[in-house]
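Visitor: My questions all concern the structure below.
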There are 2 protein chains.
Amino acid sequence: MSAIAMSVESANNNADSNERFTVDYRVWAATPSEARARAAAIALEQTVEIPREVVPAGYVEDVILGRVAGLREEAEGQFLARIAYSPDCVGAGLAQLPQLLNVMFGNSSLQKGVKLVNFEASPTLLQRFPGARFGVAGVRQRIRRDHGGLLCAVIKPQGSTSAELAALAHATALAGADIIKEDHGLANQPSAPFAERVAALAEAVARANAQRAAEGQRARAAYFASLAGAGHDLPEMAWRAKAAGADGVLVLPGLHGFGAIHHLSADASFGLPIMAHPSLLGPHVLSANTGFSHGALFGMLMRLAGADISVFPNHGGRFGFSRAECAEIAAHCRDPKGHCLPILPSPGGGMSPQRMPEMAGMYGPDCVYLMGGSLLAAGDGMAGLIASLRDALA
Amino acid sequence: MSAIAMSVESANNNADSNERFTVDYRVWAATPSEARARAAAIALEQTVEIPREVVPAGYVEDVILGRVAGLREEAEGQFLARIAYSPDCVGAGLAQLPQLLNVMFGNSSLQKGVKLVNFEASPTLLQRFPGARFGVAGVRQRIRRDHGGLLCAVIKPQGSTSAELAALAHATALAGADIIKEDHGLANQPSAPFAERVAALAEAVARANAQRAAEGQRARAAYFASLAGAGHDLPEMAWRAKAAGADGVLVLPGLHGFGAIHHLSADASFGLPIMAHPSLLGPHVLSANTGFSHGALFGMLMRLAGADISVFPNHGGRFGFSRAECAEIAAHCRDPKGHCLPILPSPGGGMSPQRMPEMAGMYGPDCVYLMGGSLLAAGDGMAGLIASLRDALA
């Protein structure tokens, strides 16, 4: 690994340099000069999207055109290119997360041999995108558990009635789960229509919390409702869940867009924590040389959007993530130097209770441990299982 | 390639079989029995998401649980699995495209060795998702050009003023372009705020159309506005563009969600054609054994959502799509047996005028040919270039 020359375009125009945000791309190229050409091509592609020779002089060339702010060789044939962009590319006034993503990776996502691995906001973007409203500390505060790992029960299956789902929510909350999360497959099905279901589960969890409080427990369970709807009516669904008594919401940015998370997290009057689910996001990380790195997507991007908890499939289950990739996600979620507040990683996906000690060793306390099918499989032993897992995480 | 036995679970429960929609997945497995296990695992994963042995008997097992409706070996180690799902999984009442996608591929997208390659709607889903409102014939009708390929000028770069962009829109429309499409990077930038820009371009294209009509031309240019905003306010942006005089809108489902296209196309009172742009969708197709096939994403899924024109990067340009993959996209867009109305494929991405004859030979007349940077590079020769390209496509 040898460093090659850092090159900064338009070095005579540094007045706005601290007002540029930067994106780091891993680029595959045979030679340093090919890597330089690829970096310059990304800077064009993500902004003006026209040949370099016809970029108009003045504002477009000086401000809008992306700049190669750094390039170094990471390994044989593999380079890290940093491109600096003006917030003007993202838009005027109101925060527009979709357009920020468009500038970061829109067209270049269609190319092979380029992977987005990091992002650093400029002061203007930090104002527009203040990240998670709650983060690790805020979520702990709401469930009144200052230490230890957090246990999350997943309520399913789809096709159950609202009463059946509510009974499961009550039982898991009473047994000590910290978070009661509806399965991401619960939308607005005929067996358990959204409004009826959310009201039933909110009541069930509140009842369990009252019982826990009567027993002298300080910690309470938080109920996260899975939102039905599309992008345009997702905020309305979130407000309906809040009105029914939900303590948080589950949003699927792969289906609703990352803007849906940002819109809710930026709304102070809404003010509930947001859990992000990875549905349909797999292809963004599963290819070696396209898409995002695991940490960039499930850590950095979730923090940028404003999620408080980032769900992802743990290694060793039925999904294709490695141990190192999962560790990278957890590190990006909690990195104190990352975007605004650190957030909670939440590994799941077919985790057996037997794996909990190993998982707790790997992820540590600031983590939401998902448990779904295993709880159902435990049958009458479910309450005991939850209590023992809860103890192990404390 | 040897066919292996078709297996249909719950063969004694076929009453609702024509009310199931089907999804075809390419699955990689070492043996037919491993392929059968993977197909059964997908049927579980995409619906109940719990171990098979704890799926409740009755409605959940009989209706909600996905069924393996077919499995055949396509090539050594490569199988095609068809899973049949109940519309009940998608929801009650109103059409919810995000939840349909959630059932089709949400969690399985996080696994390696499974690629979604096709979808067939059931009667109920055909009612809820009626596809493109205009399609090939409807778009032709609106620009009054019955035959030949359609030429689309892309208006850019980002950072130009509204007046500069409007001048380019006027010049390209007057020279004979069929569609005037704003670059997908135009959102709500300070150099050309959304409302000002859209009004200016609509006026410019209308003026060019008046001049064309005065010259006796029957065909008119259609102006497609690129929408700023996030999922929640995208419909409002689309309505603002319509009020300003736009003939159509450009939507980016990779950023706004496919639900944004569906919501607009299903709204009869909105009633403008929709062009879909592939921003941020690359990773969904660029990996060999995850995500969607090119035809499934840029053809089938765009038709299901309700897009009338599907933009994608042509082969041989600066993107990573092959000739065969592009041909597959065009075939899926126009397949008369596909979802509802056939739509227009729209290849672009650094296409030079010199390539137009080869492209026209490959894609034929029912196609929107994108031309952007090359027009700017032509400088004073732009009008002549457009006229010659227009003639070549006729």
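To be explicit about the labels: the chains of the structure tokens are called A, B, and onward in the order shown, and within each one the residues are counted from 1, while ligands get numbers from 1 in the order they are shown.
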Which residues are close to Pro51 of chain B, i.e. within 9 Å by only C-alpha atoms, leaving aside same-chain residues fewer than 6 positions away? Reply as a ChimeraX atom specification.
Guide: /A:350,373-374,376-377 /B:44-45
Visitor: Residues of the last selection are to be written out with N, CA and C atoms, as a PDB file, in the first residue's frame.
Guide:
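So the final result, stored in result-v5.pdb, reads:
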```pdb
ATOM      1  N   GLY A 350     -33.187 -14.818  12.847  1.00  0.00           N
ATOM      2  CA  GLY A 350     -33.030 -16.236  13.160  1.00  0.00           C
ATOM      3  C   GLY A 350     -32.018 -16.524  14.249  1.00  0.00           C
ATOM      4  N   GLY A 373     -38.694 -15.531  16.056  1.00  0.00           N
ATOM      5  CA  GLY A 373     -39.181 -16.897  15.910  1.00  0.00           C
ATOM      6  C   GLY A 373     -38.838 -17.783  17.102  1.00  0.00           C
ATOM      7  N   SER A 374     -37.665 -17.543  17.712  1.00  0.00           N
ATOM      8  CA  SER A 374     -37.245 -18.366  18.851  1.00  0.00           C
ATOM      9  C   SER A 374     -38.197 -18.238  20.028  1.00  0.00           C
ATOM     10  N   LEU A 376     -41.485 -17.709  19.796  1.00  0.00           N
ATOM     11  CA  LEU A 376     -42.652 -18.529  19.481  1.00  0.00           C
ATOM     12  C   LEU A 376     -42.331 -20.009  19.647  1.00  0.00           C
ATOM     13  N   ALA A 377     -41.101 -20.376  19.224  1.00  0.00           N
ATOM     14  CA  ALA A 377     -40.713 -21.782  19.310  1.00  0.00           C
ATOM     15  C   ALA A 377     -40.629 -22.250  20.766  1.00  0.00           C
TER      16      ALA A 377
ATOM     17  N   LEU B  44     -41.410 -19.007   3.417  1.00  0.00           N
ATOM     18  CA  LEU B  44     -41.536 -18.673   4.838  1.00  0.00           C
ATOM     19  C   LEU B  44     -41.071 -17.242   5.109  1.00  0.00           C
ATOM     20  N   GLU B  45     -39.861 -16.958   4.602  1.00  0.00           N
ATOM     21  CA  GLU B  45     -39.206 -15.681   4.889  1.00  0.00           C
ATOM     22  C   GLU B  45     -40.055 -14.489   4.463  1.00  0.00           C
TER      23      GLU B  45
END
```
Visitor: Could the residues of chain A that have an atom at most 7 Å from chain B be listed as a Markdown table, each with its closest atom pair and the distance in Å to one decimal, counting only C-alpha atoms and ordered by chain and ascending residue number?
Guide:
```
| residue | atom | partner | partner_atom | distance |
| --- | --- | --- | --- | --- |
| A:Thr47 | CA | B:Gln158 | CA | 6.7 |
| A:Val48 | CA | B:Pro157 | CA | 4.8 |
| A:Glu49 | CA | B:Pro157 | CA | 6.8 |
| A:Ile50 | CA | B:Gly373 | CA | 4.7 |
| A:Pro51 | CA | B:Gly373 | CA | 6.3 |
| A:Val54 | CA | B:Ala377 | CA | 6.1 |
| A:Tyr59 | CA | B:Gly159 | CA | 7.0 |
| A:Val60 | CA | B:Gly159 | CA | 5.1 |
| A:Ile64 | CA | B:Gly159 | CA | 5.9 |
| A:Asp88 | CA | B:Gln189 | CA | 6.1 |
| A:Cys89 | CA | B:Gln189 | CA | 6.4 |
| A:Val90 | CA | B:Gln189 | CA | 6.7 |
| A:Gly91 | CA | B:Gln189 | CA | 3.9 |
| A:Ala92 | CA | B:Pro190 | CA | 5.0 |
| A:Gln96 | CA | B:Gly229 | CA | 6.1 |
| A:Pro98 | CA | B:Leu255 | CA | 5.3 |
| A:Gln99 | CA | B:Ala187 | CA | 6.9 |
| A:Asn102 | CA | B:Ser279 | CA | 6.7 |
| A:Phe105 | CA | B:Leu280 | CA | 6.3 |
| A:Gly106 | CA | B:Ser279 | CA | 4.3 |
| A:Asn107 | CA | B:Ser279 | CA | 5.3 |
| A:Ser109 | CA | B:Gly282 | CA | 4.9 |
| A:Leu110 | CA | B:Gly282 | CA | 3.9 |
| A:Gln111 | CA | B:Phe319 | CA | 4.8 |
| A:Lys112 | CA | B:Gly320 | CA | 5.6 |
| A:Pro157 | CA | B:Val48 | CA | 4.8 |
| A:Gln158 | CA | B:Val48 | CA | 5.4 |
| A:Gly159 | CA | B:Val60 | CA | 5.1 |
| A:Ser160 | CA | B:Val60 | CA | 6.8 |
| A:Ala187 | CA | B:Gly91 | CA | 6.6 |
| A:Asn188 | CA | B:Gly91 | CA | 4.9 |
| A:Gln189 | CA | B:Gly91 | CA | 3.9 |
| A:Pro190 | CA | B:Ala92 | CA | 5.0 |
| A:Gly229 | CA | B:Gln96 | CA | 6.2 |
| A:Ala230 | CA | B:Gly259 | CA | 5.4 |
| A:Gly231 | CA | B:Gly231 | CA | 4.5 |
| A:His232 | CA | B:His232 | CA | 4.0 |
| A:Asp233 | CA | B:His232 | CA | 6.5 |
| A:Leu255 | CA | B:Pro98 | CA | 5.3 |
| A:His256 | CA | B:Gly257 | CA | 5.0 |
| A:Gly257 | CA | B:His256 | CA | 5.1 |
| A:Gly259 | CA | B:Ala230 | CA | 5.4 |
| A:Ala260 | CA | B:Gly231 | CA | 6.5 |
| A:Ser279 | CA | B:Gly106 | CA | 4.3 |
| A:Leu280 | CA | B:Gly106 | CA | 4.3 |
| A:Leu281 | CA | B:Ser109 | CA | 6.8 |
| A:Gly282 | CA | B:Leu110 | CA | 3.9 |
| A:Pro283 | CA | B:His284 | CA | 5.1 |
| A:His284 | CA | B:Pro283 | CA | 5.1 |
| A:Ser287 | CA | B:Ser287 | CA | 5.4 |
| A:Thr290 | CA | B:Pro283 | CA | 6.1 |
| A:Gly291 | CA | B:Pro283 | CA | 5.2 |
| A:Phe319 | CA | B:Gln111 | CA | 4.8 |
| A:Gly320 | CA | B:Gln111 | CA | 5.0 |
| A:Gly373 | CA | B:Ile50 | CA | 4.7 |
| A:Leu376 | CA | B:Val54 | CA | 6.8 |
| A:Ala377 | CA | B:Val54 | CA | 6.1 |
```
Visitor: Considering only C-alpha atoms, state which residue in the set B:Ile309, B:Leu174, B:Leu150, B:Ala121 is at the smallest distance from Ala383 of chain B.
Guide: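 Going through B:Ile309, B:Leu174, B:Leu150, B:Ala121 one by one, the smallest distance to Ala383 of chain B is for B:Leu174.
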Visitor: Taking the DSSP assignment computed from this structure's backbone, write out as a list in words all residues of segment 169-256 of chain B that belong to strand (DSSP E).
Guide: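 Secondary structure check on segment 169-256 of chain B, strand (DSSP E): Ile179, Ile180, Lys181, Glu182, Ala222, Tyr223, Phe224, Ala225, Ser226, Gly248, Val249, Leu250 and Val251 of chain B.
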Visitor: Take the selection from the previous step and output its residues with N, CA, C and O atoms, as a PDB file, in the first residue's frame.
Guide:
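File out31.pdb, as written:
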```
ATOM      1  N   ILE B 179     -39.320  14.972 -26.445  1.00  0.00           N
ATOM      2  CA  ILE B 179     -39.467  15.121 -24.996  1.00  0.00           C
ATOM      3  C   ILE B 179     -38.334  16.004 -24.495  1.00  0.00           C
ATOM      4  O   ILE B 179     -37.170  15.828 -24.889  1.00  0.00           O
ATOM      5  N   ILE B 180     -38.682  16.942 -23.650  1.00  0.00           N
ATOM      6  CA  ILE B 180     -37.700  17.809 -23.003  1.00  0.00           C
ATOM      7  C   ILE B 180     -37.705  17.403 -21.545  1.00  0.00           C
ATOM      8  O   ILE B 180     -38.659  17.668 -20.807  1.00  0.00           O
ATOM      9  N   LYS B 181     -36.641  16.730 -21.147  1.00  0.00           N
ATOM     10  CA  LYS B 181     -36.579  16.167 -19.792  1.00  0.00           C
ATOM     11  C   LYS B 181     -35.534  16.911 -18.990  1.00  0.00           C
ATOM     12  O   LYS B 181     -34.399  17.068 -19.417  1.00  0.00           O
ATOM     13  N   GLU B 182     -35.897  17.344 -17.818  1.00  0.00           N
ATOM     14  CA  GLU B 182     -34.904  17.947 -16.941  1.00  0.00           C
ATOM     15  C   GLU B 182     -33.977  16.868 -16.390  1.00  0.00           C
ATOM     16  O   GLU B 182     -34.416  15.761 -16.078  1.00  0.00           O
ATOM     17  N   ALA B 222     -43.061  17.415 -25.397  1.00  0.00           N
ATOM     18  CA  ALA B 222     -43.620  17.302 -24.035  1.00  0.00           C
ATOM     19  C   ALA B 222     -42.518  17.613 -23.035  1.00  0.00           C
ATOM     20  O   ALA B 222     -41.402  17.087 -23.137  1.00  0.00           O
ATOM     21  N   TYR B 223     -42.836  18.439 -22.058  1.00  0.00           N
ATOM     22  CA  TYR B 223     -41.859  18.836 -21.039  1.00  0.00           C
ATOM     23  C   TYR B 223     -42.073  18.025 -19.762  1.00  0.00           C
ATOM     24  O   TYR B 223     -43.140  18.069 -19.150  1.00  0.00           O
ATOM     25  N   PHE B 224     -41.025  17.303 -19.363  1.00  0.00           N
ATOM     26  CA  PHE B 224     -41.067  16.497 -18.128  1.00  0.00           C
ATOM     27  C   PHE B 224     -40.227  17.188 -17.057  1.00  0.00           C
ATOM     28  O   PHE B 224     -39.017  17.340 -17.221  1.00  0.00           O
ATOM     29  N   ALA B 225     -40.871  17.579 -15.969  1.00  0.00           N
ATOM     30  CA  ALA B 225     -40.193  18.273 -14.876  1.00  0.00           C
ATOM     31  C   ALA B 225     -39.603  17.282 -13.884  1.00  0.00           C
ATOM     32  O   ALA B 225     -40.255  16.313 -13.497  1.00  0.00           O
ATOM     33  N   SER B 226     -38.362  17.524 -13.465  1.00  0.00           N
ATOM     34  CA  SER B 226     -37.735  16.713 -12.423  1.00  0.00           C
ATOM     35  C   SER B 226     -38.219  17.207 -11.069  1.00  0.00           C
ATOM     36  O   SER B 226     -38.139  18.394 -10.761  1.00  0.00           O
ATOM     37  N   GLY B 248     -45.410  16.232 -18.019  1.00  0.00           N
ATOM     38  CA  GLY B 248     -45.095  14.963 -17.395  1.00  0.00           C
ATOM     39  C   GLY B 248     -44.110  15.214 -16.265  1.00  0.00           C
ATOM     40  O   GLY B 248     -43.634  16.341 -16.083  1.00  0.00           O
ATOM     41  N   VAL B 249     -43.821  14.172 -15.482  1.00  0.00           N
ATOM     42  CA  VAL B 249     -42.884  14.338 -14.367  1.00  0.00           C
ATOM     43  C   VAL B 249     -41.845  13.229 -14.373  1.00  0.00           C
ATOM     44  O   VAL B 249     -42.087  12.114 -14.845  1.00  0.00           O
ATOM     45  N   LEU B 250     -40.663  13.581 -13.845  1.00  0.00           N
ATOM     46  CA  LEU B 250     -39.572  12.623 -13.680  1.00  0.00           C
ATOM     47  C   LEU B 250     -39.498  12.250 -12.205  1.00  0.00           C
ATOM     48  O   LEU B 250     -39.322  13.121 -11.350  1.00  0.00           O
ATOM     49  N   VAL B 251     -39.628  10.958 -11.915  1.00  0.00           N
ATOM     50  CA  VAL B 251     -39.596  10.479 -10.523  1.00  0.00           C
ATOM     51  C   VAL B 251     -38.421   9.516 -10.367  1.00  0.00           C
ATOM     52  O   VAL B 251     -38.096   8.762 -11.287  1.00  0.00           O
TER      53      VAL B 251
END
```
Visitor: If you run DSSP on this backbone, which residues of segment 113-328 of chain B come out as helix (DSSP H, G or I), and could you give them as a ChimeraX atom specification?
Guide: /B:123-128,135-143,162-174,194-214,231-244,253-256,258-265,283-286,294-305,323-328
Visitor: Please identify all polymer residues within 6 Å of Ala166 of chain A, counting only C-alpha atoms, omitting same-chain residues fewer than 4 positions from it, and present them as a count of residues only.
Guide: 4
Visitor: In Å, with one decimal, what is the gap from atom CA of Tyr369 of chain B to atom CA of Leu126 of chain B?
Guide: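 These atoms are spaced 29.7 Å apart.
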Visitor: With a distance cut-off of 6 Å and only C-alpha atoms, select the neighbouring residues of segment 293-306 of chain A, excluding the residue or stretch itself and same-chain residues fewer than 2 positions from it, and output the selection as a PyMOL selection string.
Guide: chain A and resi 117-118+131-132+261-262+265+285+325+328-329+332-333
Visitor: Go through A:Met275, A:Ala244, A:Leu393, A:Ala266 one by one, measure the shortest atom-to-atom distance of each to Glu358 of chain A using only C-alpha atoms, and give the residue with the smallest value.
Guide: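 The shortest atom-to-atom distance to Glu358 of chain A comes from A:Leu393.
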Visitor: What separation in Å, quoted to one decimal, exists between atom CA of Glu203 of chain A and atom CA of Ala57 of chain B?
Guide: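 Rounded to one decimal, the two atoms are 26.7 Å apart.
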Visitor: Need to verify the contact set: Ala219 of chain A, 7 Å, only C-alpha atoms, exclusion of same-chain residues closer than 3 positions in sequence. Can you return it as a PyMOL selection string?
Guide: chain A and resi 143-145
Visitor: Tell me which of A:Asp178, A:Leu341, A:Cys326, A:Leu71 sits closest to Pro130 of chain A, counting only C-alpha atoms.
Guide: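 Checking each candidate against Pro130 of chain A, we get A:Leu341 as the closest.
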